[in-house]
file protein-v2.txt (compact mmCIF, C-alpha atoms)
# COMPACT_ATOMS: atom_id res chain seq x y z
CA MET A 1 0.00 0.00 0.00
CA THR A 2 1.23 3.52 -0.81
CA GLU A 3 0.38 6.28 1.60
CA ASN A 4 -0.41 9.89 0.79
CA ALA A 5 -0.94 9.32 -2.91
CA GLY A 6 -3.42 11.01 -5.26
CA ILE A 7 -5.61 13.51 -3.50
CA PHE A 8 -3.81 13.18 -0.21
CA LEU A 9 -1.19 15.88 -0.47
CA THR A 10 0.70 17.02 2.61
CA GLY A 11 0.74 20.57 3.96
CA GLY A 12 4.25 21.95 3.63
CA PRO A 13 5.15 25.63 3.19
CA MET A 14 1.75 26.67 1.87
CA GLU A 15 0.00 25.98 5.13
CA ALA A 16 -2.23 29.07 5.17
CA ASN A 17 -3.29 28.41 1.63
CA ASN A 18 -4.03 24.79 2.52
CA ASP A 19 -6.23 25.91 5.41
CA ARG A 20 -8.21 28.09 3.06
CA LEU A 21 -8.50 25.26 0.55
CA LEU A 22 -9.73 22.84 3.18
CA CYS A 23 -12.20 25.33 4.55
CA ALA A 24 -13.58 26.07 1.08
CA ALA A 25 -13.81 22.38 0.28
CA LYS A 26 -15.69 21.65 3.49
CA VAL A 27 -18.13 24.48 2.82
CA SER A 28 -18.59 23.12 -0.69
CA PHE A 29 -19.26 19.66 0.72
CA VAL A 30 -21.90 20.96 3.15
CA GLY A 31 -23.39 23.05 0.33
CA MET A 32 -23.68 19.98 -1.84
CA ILE A 33 -25.47 18.08 0.95
CA LEU A 34 -27.81 21.05 1.49
CA GLU A 35 -28.57 21.30 -2.21
CA SER A 36 -29.31 17.62 -2.48
CA PHE A 37 -31.54 17.77 0.61
CA SER A 38 -33.55 20.77 -0.57
CA HIS A 39 -33.91 19.31 -4.04
CA GLU A 40 -35.36 16.07 -2.67
CA LEU A 41 -37.70 17.94 -0.37
CA LYS A 42 -38.93 20.12 -3.20
CA ASN A 43 -39.67 16.99 -5.21
CA HIS A 44 -41.74 15.55 -2.39
CA LEU A 45 -43.67 18.80 -2.04
CA SER A 46 -44.31 18.91 -5.78
CA VAL A 47 -45.88 15.44 -5.66
CA ILE A 48 -47.99 16.45 -2.65
CA ARG A 49 -49.20 19.53 -4.49
CA GLU A 50 -50.07 17.54 -7.63
CA SER A 51 -51.84 14.85 -5.60
CA ASN A 52 -53.83 17.47 -3.75
CA GLY A 53 -54.61 19.18 -7.05
CA LEU A 54 -55.74 15.90 -8.58
CA MET A 55 -58.20 15.34 -5.74
CA HIS A 56 -59.55 18.88 -6.24
CA ASP A 57 -59.88 18.19 -9.97
CA ILE A 58 -61.80 14.97 -9.35
CA MET A 59 -64.15 16.61 -6.85
CA GLY A 60 -64.69 19.42 -9.34
CA VAL A 61 -66.01 16.90 -11.87
CA GLY A 62 -69.06 16.35 -9.64
CA LYS A 63 -70.34 12.83 -9.09
CA MET A 64 -67.45 10.47 -8.48
CA ASP A 65 -67.45 7.09 -10.22
CA LYS A 66 -65.47 4.03 -9.18
CA GLU A 67 -62.45 5.12 -11.22
CA HIS A 68 -62.41 8.55 -9.59
CA VAL A 69 -62.56 7.03 -6.13
CA GLY A 70 -59.61 4.81 -7.05
CA GLN A 71 -57.66 7.81 -8.32
CA CYS A 72 -58.38 9.75 -5.13
CA ARG A 73 -57.25 6.81 -2.99
CA GLU A 74 -54.02 6.53 -4.98
CA ALA A 75 -53.46 10.28 -4.67
CA MET A 76 -53.86 10.01 -0.89
CA ARG A 77 -51.44 7.08 -0.77
CA SER A 78 -49.01 9.13 -2.82
CA VAL A 79 -49.23 12.00 -0.32
CA ASP A 80 -48.53 9.53 2.50
CA ARG A 81 -45.53 8.14 0.65
CA GLN A 82 -44.07 11.59 0.10
CA ILE A 83 -44.59 12.56 3.73
CA ASP A 84 -42.84 9.35 4.84
CA LYS A 85 -39.96 10.05 2.47
CA SER A 86 -39.66 13.64 3.71
CA VAL A 87 -39.74 12.61 7.37
CA SER A 88 -37.03 10.04 6.79
CA LEU A 89 -34.90 12.50 4.80
CA ILE A 90 -35.29 15.17 7.46
CA SER A 91 -34.24 12.67 10.14
CA PHE A 92 -31.04 11.89 8.25
CA PHE A 93 -30.39 15.55 7.71
CA ASP A 94 -31.04 16.17 11.37
CA ASP A 95 -28.44 13.53 12.30
CA PHE A 96 -25.99 15.04 9.84
CA SER A 97 -26.49 18.50 11.34
CA ARG A 98 -26.14 17.16 14.87
CA GLY A 99 -22.76 15.71 13.84
CA MET A 100 -21.64 19.21 12.95
CA LYS A 101 -23.03 20.68 16.16
CA PHE A 102 -21.52 18.11 18.53
CA ALA A 103 -18.30 17.48 16.68
CA GLY A 104 -16.41 16.54 19.87
CA GLU A 105 -18.62 13.62 20.89
CA PRO A 106 -17.84 9.97 20.14
CA CYS A 107 -18.86 9.12 16.62
CA GLY A 108 -20.81 6.06 15.46
CA ILE A 109 -18.78 5.22 12.36
CA ASN A 110 -21.41 3.10 10.58
CA GLU A 111 -24.15 5.58 11.35
CA ALA A 112 -22.11 8.59 10.16
CA ILE A 113 -21.25 6.88 6.85
CA ASP A 114 -24.81 5.62 6.40
CA ILE A 115 -26.18 9.17 6.79
CA LEU A 116 -23.67 10.43 4.25
CA LEU A 117 -24.57 7.74 1.72
CA LEU A 118 -28.28 8.41 2.09
CA LEU A 119 -27.77 12.11 1.58
CA LEU A 120 -25.63 11.35 -1.48
CA HIS A 121 -28.26 9.06 -2.97
CA ARG A 122 -29.56 11.55 -5.53
CA ARG A 123 -26.04 12.42 -6.68
CA MET A 124 -25.20 8.75 -7.19
CA SER A 125 -28.44 7.88 -8.96
CA GLN A 126 -27.93 10.79 -11.32
CA ARG A 127 -24.79 9.06 -12.54
CA LYS A 128 -26.59 5.69 -12.44
CA VAL A 129 -23.94 4.46 -10.04
CA THR A 130 -25.10 2.22 -7.20
CA ILE A 131 -23.65 2.04 -3.74
CA GLU A 132 -23.15 -1.17 -1.79
CA LYS A 133 -22.63 -1.16 1.95
CA SER A 134 -21.02 -3.82 4.04
CA PHE A 135 -20.88 -2.63 7.63
CA SER A 136 -19.49 -4.73 10.42
CA ASN A 137 -21.73 -4.62 13.47
CA LYS A 138 -18.63 -4.77 15.66
CA VAL A 139 -17.78 -1.18 14.72
CA ARG A 140 -18.91 0.95 17.63
CA THR A 141 -18.39 4.58 18.54
CA ILE A 142 -14.93 6.04 18.37
CA PRO A 143 -13.56 9.48 19.31
CA CYS A 144 -13.67 11.09 15.90
CA ASN A 145 -15.34 14.14 14.39
CA PRO A 146 -18.23 12.79 12.24
CA ILE A 147 -18.09 15.69 9.81
CA ASP A 148 -14.38 15.13 9.19
CA LEU A 149 -15.05 11.44 8.66
CA GLN A 150 -17.97 12.13 6.30
CA PHE A 151 -15.92 14.69 4.43
CA VAL A 152 -12.98 12.31 3.89
CA VAL A 153 -15.27 9.46 2.77
CA PHE A 154 -17.09 11.89 0.47
CA CYS A 155 -13.78 12.97 -1.14
CA CYS A 156 -12.84 9.32 -1.74
CA ILE A 157 -16.25 8.55 -3.25
CA GLU A 158 -16.02 11.64 -5.45
CA GLU A 159 -12.60 10.58 -6.69
CA PHE A 160 -14.07 7.28 -7.86
CA MET A 161 -17.27 8.84 -9.19
CA ARG A 162 -15.20 10.63 -11.84
CA MET A 163 -14.37 7.38 -13.53
CA LEU A 164 -17.61 5.49 -13.03
CA GLY A 165 -20.68 5.41 -15.21
CA GLN A 166 -23.97 3.64 -15.70
CA GLY A 167 -24.15 0.26 -13.98
CA ASP A 168 -20.93 0.71 -12.00
CA SER A 169 -20.87 0.68 -8.25
CA ILE A 170 -19.00 1.88 -5.19
CA ILE A 171 -18.57 -0.41 -2.22
CA VAL A 172 -18.11 0.98 1.27
CA LYS A 173 -16.98 -1.51 3.90
CA THR A 174 -16.30 -1.09 7.59
CA MET A 175 -14.29 -3.51 9.74
CA SER A 176 -13.18 -3.45 13.31
CA SER A 177 -10.26 -4.80 15.31
CA GLU A 178 -8.98 -4.18 18.83
CA GLU A 179 -6.75 -1.33 17.66
CA GLU A 180 -8.57 0.31 14.82
CA VAL A 181 -11.58 0.71 12.58
CA THR A 182 -10.99 0.29 8.86
CA ILE A 183 -13.18 1.90 6.22
CA THR A 184 -12.58 0.65 2.69
CA ILE A 185 -13.99 2.44 -0.33
CA MET A 186 -13.80 0.51 -3.59
CA ALA A 187 -14.98 1.19 -7.10
CA LYS A 188 -16.41 -1.63 -9.21
CA SER A 189 -16.48 -0.72 -12.87
CA HIS A 190 -17.58 -2.69 -15.95
CA SER A 191 -15.39 -0.62 -18.21
CA THR A 192 -11.62 -0.52 -18.47
CA ARG A 193 -11.21 3.16 -17.63
CA PRO A 194 -7.89 3.79 -15.93
CA VAL A 195 -7.82 4.50 -12.24
CA GLU A 196 -6.25 7.87 -11.55
CA GLY A 197 -5.87 10.24 -8.65
CA GLY A 198 -7.66 13.56 -8.60
CA GLY A 199 -11.23 13.77 -7.41
CA ILE A 200 -13.42 16.74 -6.80
CA PHE A 201 -10.68 18.53 -4.84
CA PRO A 202 -7.52 17.40 -6.61
CA THR A 203 -5.06 19.53 -4.67
CA LEU A 204 -6.68 19.16 -1.31
CA PRO A 205 -4.40 18.58 1.69
CA LEU A 206 -6.70 15.90 3.00
CA GLN A 207 -3.89 14.30 4.93
CA ARG A 208 -4.11 17.03 7.55
CA ILE A 209 -7.72 16.14 8.43
CA VAL A 210 -6.84 12.47 8.41
CA GLU A 211 -4.02 13.06 10.88
CA ASP A 212 -6.31 15.11 13.13
CA MET A 213 -8.65 12.13 13.17
CA GLY A 214 -5.79 9.91 14.36
CA ALA A 215 -6.09 8.00 11.13
CA THR A 216 -4.15 6.99 8.05
CA LEU A 217 -5.27 6.95 4.46
CA SER A 218 -3.78 4.60 1.90
CA ARG A 219 -4.50 3.21 -1.51
CA HIS A 220 -3.55 0.20 -3.59
CA PRO A 221 -1.54 1.47 -6.55
CA GLY A 222 -3.43 0.68 -9.73
CA HIS A 223 -6.54 -0.50 -7.88
CA PRO A 224 -9.65 1.55 -7.26
CA GLU A 225 -9.50 1.06 -3.53
CA ILE A 226 -8.84 3.46 -0.66
CA GLU A 227 -8.47 2.48 2.96
CA LEU A 228 -9.02 4.75 5.93
CA ARG A 229 -7.75 3.34 9.22
CA ILE A 230 -8.79 5.11 12.42
CA ARG A 231 -7.02 4.18 15.64
CA ARG A 232 -9.30 3.46 18.59
CA GLN A 233 -7.06 5.40 21.03
CA THR A 234 -6.23 8.94 20.01
CA MET B 1 -69.67 15.39 -33.97
CA PHE B 2 -68.05 15.42 -37.42
CA GLY B 3 -66.15 18.56 -38.40
CA LYS B 4 -65.69 19.57 -34.76
CA LYS B 5 -62.47 17.70 -34.07
CA LYS B 6 -60.81 18.95 -30.90
CA LYS B 7 -57.09 19.64 -31.13
CA ASP B 8 -55.16 16.70 -29.79
CA ILE B 9 -52.07 18.07 -28.08
CA LYS B 10 -49.60 15.30 -27.45
CA VAL B 11 -47.50 15.90 -24.36
CA LEU B 12 -44.52 13.86 -23.19
CA LEU B 13 -43.56 14.14 -19.53
CA VAL B 14 -39.90 13.43 -18.76
CA ASP B 15 -39.14 13.15 -15.05
CA ASP B 16 -37.63 10.49 -12.81
CA GLU B 17 -40.16 11.08 -10.02
CA VAL B 18 -42.70 8.38 -10.83
CA ASP B 19 -45.39 9.61 -8.42
CA PHE B 20 -45.03 13.14 -9.76
CA VAL B 21 -45.29 12.03 -13.39
CA ASN B 22 -48.32 9.81 -12.71
CA THR B 23 -50.25 12.47 -10.85
CA LEU B 24 -49.38 15.33 -13.16
CA GLY B 25 -50.18 13.08 -16.11
CA GLN B 26 -53.67 12.37 -14.78
CA ARG B 27 -54.31 16.06 -14.19
CA LEU B 28 -53.22 16.94 -17.71
CA LYS B 29 -55.41 14.17 -19.14
CA MET B 30 -58.38 15.63 -17.26
CA ARG B 31 -57.62 18.82 -19.20
CA GLU B 32 -57.98 16.95 -22.48
CA LEU B 33 -54.32 16.60 -23.30
CA ILE B 34 -52.86 13.35 -24.59
CA VAL B 35 -50.12 12.42 -22.17
CA ASP B 36 -47.29 9.94 -22.21
CA ALA B 37 -44.37 9.66 -19.81
CA VAL B 38 -40.79 8.47 -19.64
CA TYR B 39 -38.44 8.55 -16.69
CA ASP B 40 -35.06 9.73 -17.95
CA GLY B 41 -33.32 11.53 -20.78
CA GLU B 42 -32.26 8.44 -22.71
CA GLN B 43 -35.83 7.14 -22.71
CA ALA B 44 -37.03 10.51 -23.97
CA LEU B 45 -34.59 10.43 -26.88
CA SER B 46 -35.64 6.89 -27.84
CA TYR B 47 -39.29 7.92 -27.56
CA ILE B 48 -39.04 10.84 -29.99
CA LYS B 49 -37.41 8.61 -32.57
CA LYS B 50 -40.64 6.60 -32.70
CA THR B 51 -43.32 9.19 -31.92
CA GLU B 52 -43.45 12.96 -32.25
CA PRO B 53 -44.98 14.68 -29.24
CA ASP B 54 -46.07 18.31 -29.69
CA VAL B 55 -44.73 19.43 -26.36
CA ILE B 56 -42.23 17.89 -23.96
CA VAL B 57 -42.28 18.83 -20.28
CA LEU B 58 -38.71 18.15 -19.21
CA ASP B 59 -37.09 17.87 -15.79
CA LEU B 60 -33.40 18.74 -15.47
CA LYS B 61 -31.93 16.63 -12.70
CA MET B 62 -32.48 13.03 -13.70
CA PRO B 63 -30.42 9.85 -13.68
CA GLY B 64 -28.05 9.76 -16.64
CA LEU B 65 -28.22 12.68 -19.04
CA TYR B 66 -28.78 16.13 -17.57
CA GLY B 67 -31.95 17.83 -18.83
CA ILE B 68 -30.07 20.55 -20.74
CA GLU B 69 -28.24 17.87 -22.72
CA VAL B 70 -31.54 16.14 -23.41
CA LEU B 71 -32.98 19.42 -24.69
CA ARG B 72 -29.98 19.91 -26.97
CA GLU B 73 -30.42 16.40 -28.42
CA ILE B 74 -34.18 16.80 -28.85
CA LYS B 75 -33.70 20.02 -30.81
CA LYS B 76 -30.92 18.46 -32.86
CA PHE B 77 -33.21 15.57 -33.78
CA ASN B 78 -36.44 17.53 -34.32
CA ARG B 79 -36.68 21.30 -33.92
CA HIS B 80 -40.48 21.22 -34.19
CA ILE B 81 -40.94 19.64 -30.80
CA GLN B 82 -41.58 22.31 -28.19
CA VAL B 83 -39.88 21.86 -24.86
CA ILE B 84 -40.93 23.33 -21.52
CA VAL B 85 -38.44 22.82 -18.71
CA LEU B 86 -40.12 22.04 -15.38
CA THR B 87 -37.58 21.66 -12.62
CA GLY B 88 -37.09 21.93 -8.90
CA HIS B 89 -33.40 22.53 -9.37
CA GLY B 90 -32.83 24.97 -12.21
CA THR B 91 -30.34 27.80 -11.90
CA GLU B 92 -30.31 31.04 -13.87
CA LYS B 93 -27.57 29.54 -16.01
CA ASP B 94 -29.80 26.54 -16.76
CA GLU B 95 -32.61 28.87 -17.77
CA GLU B 96 -30.31 30.85 -20.02
CA ASP B 97 -28.96 27.65 -21.62
CA ALA B 98 -32.45 26.23 -22.08
CA ARG B 99 -33.68 29.36 -23.83
CA LYS B 100 -30.57 29.53 -26.03
CA LEU B 101 -31.18 25.96 -27.11
CA GLY B 102 -34.73 26.79 -28.15
CA GLY B 103 -36.62 25.78 -25.01
CA PHE B 104 -40.10 27.33 -25.06
CA ASP B 105 -40.28 28.17 -21.36
CA PHE B 106 -38.68 27.47 -18.02
CA LEU B 107 -40.90 26.74 -15.01
CA ARG B 108 -40.01 25.88 -11.45
CA LYS B 109 -41.57 23.13 -9.35
CA PRO B 110 -44.05 23.10 -7.81
CA ALA B 111 -45.77 24.85 -10.71
CA ASP B 112 -49.40 25.86 -10.92
CA ILE B 113 -51.31 23.44 -13.15
CA ASP B 114 -53.24 26.20 -14.93
CA LEU B 115 -50.01 27.99 -15.74
CA LEU B 116 -48.45 24.78 -17.04
CA VAL B 117 -51.46 23.98 -19.21
CA ALA B 118 -51.51 27.54 -20.56
CA LYS B 119 -47.81 27.23 -21.46
CA ILE B 120 -48.37 23.86 -23.13
CA LYS B 121 -51.18 25.35 -25.23
CA GLU B 122 -49.09 28.39 -26.13
CA ALA B 123 -46.19 26.17 -27.13
CA TYR B 124 -48.49 24.03 -29.26
CA SER B 125 -50.04 27.11 -30.95
CA GLU B 126 -46.60 28.44 -31.77
CA LYS B 127 -45.59 25.12 -33.26
CA ILE B 128 -48.71 24.92 -35.43
CA GLU B 129 -48.49 28.58 -36.47
CA ARG B 130 -44.89 28.15 -37.52
CA ALA B 131 -45.68 25.00 -39.48
CA LEU B 132 -48.62 26.67 -41.26
CA THR B 133 -46.62 29.79 -42.16
CA ALA B 134 -43.76 27.67 -43.41
CA ALA B 135 -46.17 25.57 -45.45
CA ALA B 136 -47.66 28.72 -47.02
CA TYR B 137 -44.18 29.95 -48.06
CA ALA B 138 -43.28 26.50 -49.36
CA GLU B 139 -46.48 26.40 -51.42
CA GLU B 140 -45.44 29.68 -53.03
CA GLY B 141 -42.05 28.16 -53.80
CA ASP B 142 -40.10 30.17 -51.21
CA ILE B 143 -38.35 27.20 -49.67
CA ASP B 144 -35.58 29.24 -47.99
CA THR B 145 -38.03 31.35 -45.99
CA ALA B 146 -40.01 28.26 -45.11
CA ARG B 147 -36.85 26.63 -43.79
CA LYS B 148 -35.91 29.74 -41.80
CA ILE B 149 -39.33 29.84 -40.15
CA ILE B 150 -39.10 26.22 -39.16
CA LYS B 151 -35.60 26.73 -37.80
CA LYS B 152 -36.85 29.85 -35.99
CA GLU B 153 -34.17 32.02 -37.63
CA GLU B 154 -34.43 35.77 -38.16
call {"tool": "encode", "arguments": {"input": "protein-v2.txt", "output": "structure tokens"}}
result
Amino acid sequence: MTENAGIFLTGGPMEANNDRLLCAAKVSFVGMILESFSHELKNHLSVIRESNGLMHDIMGVGKMDKEHVGQCREAMRSVDRQIDKSVSLISFFDDFSRGMKFAGEPCGINEAIDILLLLLHRRMSQRKVTIEKSFSNKVRTIPCNPIDLQFVVFCCIEEFMRMLGQGDSIIVKTMSSEEEVTITIMAKSHSTRPVEGGGIFPTLPLQRIVEDMGATLSRHPGHPEIELRIRRQT
Amino acid sequence: MFGKKKKDIKVLLVDDEVDFVNTLGQRLKMRELIVDAVYDGEQALSYIKKTEPDVIVLDLKMPGLYGIEVLREIKKFNRHIQVIVLTGHGTEKDEEDARKLGGFDFLRKPADIDLLVAKIKEAYSEKIERALTAAAYAEEGDIDTARKIIKKEE
């Protein structure tokens, strides 16, 4: 395994510049989550409005026949579905926000990654890329800032997203040992596109955040696989 | 009754939100429009190769091709088809791009149904008017002008 390759540049003499870069990248990450969240919510509200409008339309026709009653029932079910989807999305967003608010508290690794993946769902489906999760239930909480963790995992996913297309997938795995928690992010592609470094923030000094987390980041040269190892004692 | 044929406006809805498409589709049908639906850009492009809708109501953020790219391809394939963008996501840049590419209008979700229907009818009228004017020029032998009208050139 080679450490500090690709997107994981070290700080060096341009420290102040690196700080600014990191800060901008984090804001961009949160902005992307916010955009995705508001877009989904707007979609749910649009369906609710159309369903409500359809019921008005049907009532406006006058006497309802069997077909109209069926349409109204379906419209009501559709409203319920959208409300359920919104409630679930808001809960995930709530958990994500809480991670930012209480950054110093122990972090549930699986939960933090799960929230991230759910909030990234729209972005992934837009590229027709699927995500597979394989979380070990032995991974418990660990002293680690959830937003930093989510940000690093996001950067790794983004790096792979650049080379993936329809039908490809990203696999996120968590494993646990006495000493550390390992998060592996792998890309599974049907095509033969080369695996390169880069990602959404190609010059980002990600290594600094990784070190703050008491972690290491490494990749298999030539393989679309990145490993993040977080020590249990920091 | 014979001789009183209502105008059949064929509308294609392109949106990946199935519930939204189904409900909006029913509402448009209740307003005497002929409605069909597909759920992403690629499906829309395959659809127009087989059938010509009068108006397409197009979302932007969908799996696969982005709506603006879909609009570009639609217009490349058949400039007669009118396209109304209906999106929950659109930026000013998207709106500008859509209009440059010949999009008829740009609406934001959730849109008022009466406004959407009015826009669909306007788009259809413009399409028919342009076709009739072009046909009149063509009949007089002025093929260049007829072509310009169809291509919406000055």
call {"tool": "axis_aligned_box", "arguments": {"input": "protein-v2.txt", "around": "segment 99-108 of chain A", "padding_each_side": "6 Å", "output": "AutoDock Vina command-line options"}}
result
--center_x -19.7 --center_y 13.4 --center_z 16.9 --size_x 18.6 --size_y 26.6 --size_z 19.9
call {"tool": "closest_residue", "arguments": {"input": "protein-v2.txt", "among": "B:Lys50, B:Lys148, B:Arg130, B:Lys109", "to": "Leu24 of chain B", "atoms": "all atoms listed in the file"}}
result
B:Lys109
call {"tool": "interface_residues", "arguments": {"input": "protein-v2.txt", "of": "chain B", "to": "chain A", "cutoff": "7 Å", "atoms": "only C-alpha atoms", "output": "list in words"}}
result
Asp19, Phe20, Thr23, Leu24, Arg27, Met62, Pro63, Gly64, Gly88, His89, Lys109 and Pro110 of chain B
call {"tool": "residues_near_point", "arguments": {"input": "protein-v2.txt", "point": "(-32.9, 26.0, -23.7)", "cutoff": "7 Å", "atoms": "only C-alpha atoms", "output": "list in words"}}
result
Ile68, Leu71, Glu95, Glu96, Asp97, Ala98, Arg99, Lys100, Leu101, Gly102 and Gly103 of chain B
call {"tool": "atom_distance", "arguments": {"input": "protein-v2.txt", "atom1": "atom CA of Ile34 of chain B", "atom2": "atom CA of Arg108 of chain B"}}
result
22.2 Å
call {"tool": "atom_distance", "arguments": {"input": "protein-v2.txt", "atom1": "atom CA of Lys85 of chain A", "atom2": "atom CA of Met100 of chain A"}}
result
23.0 Å
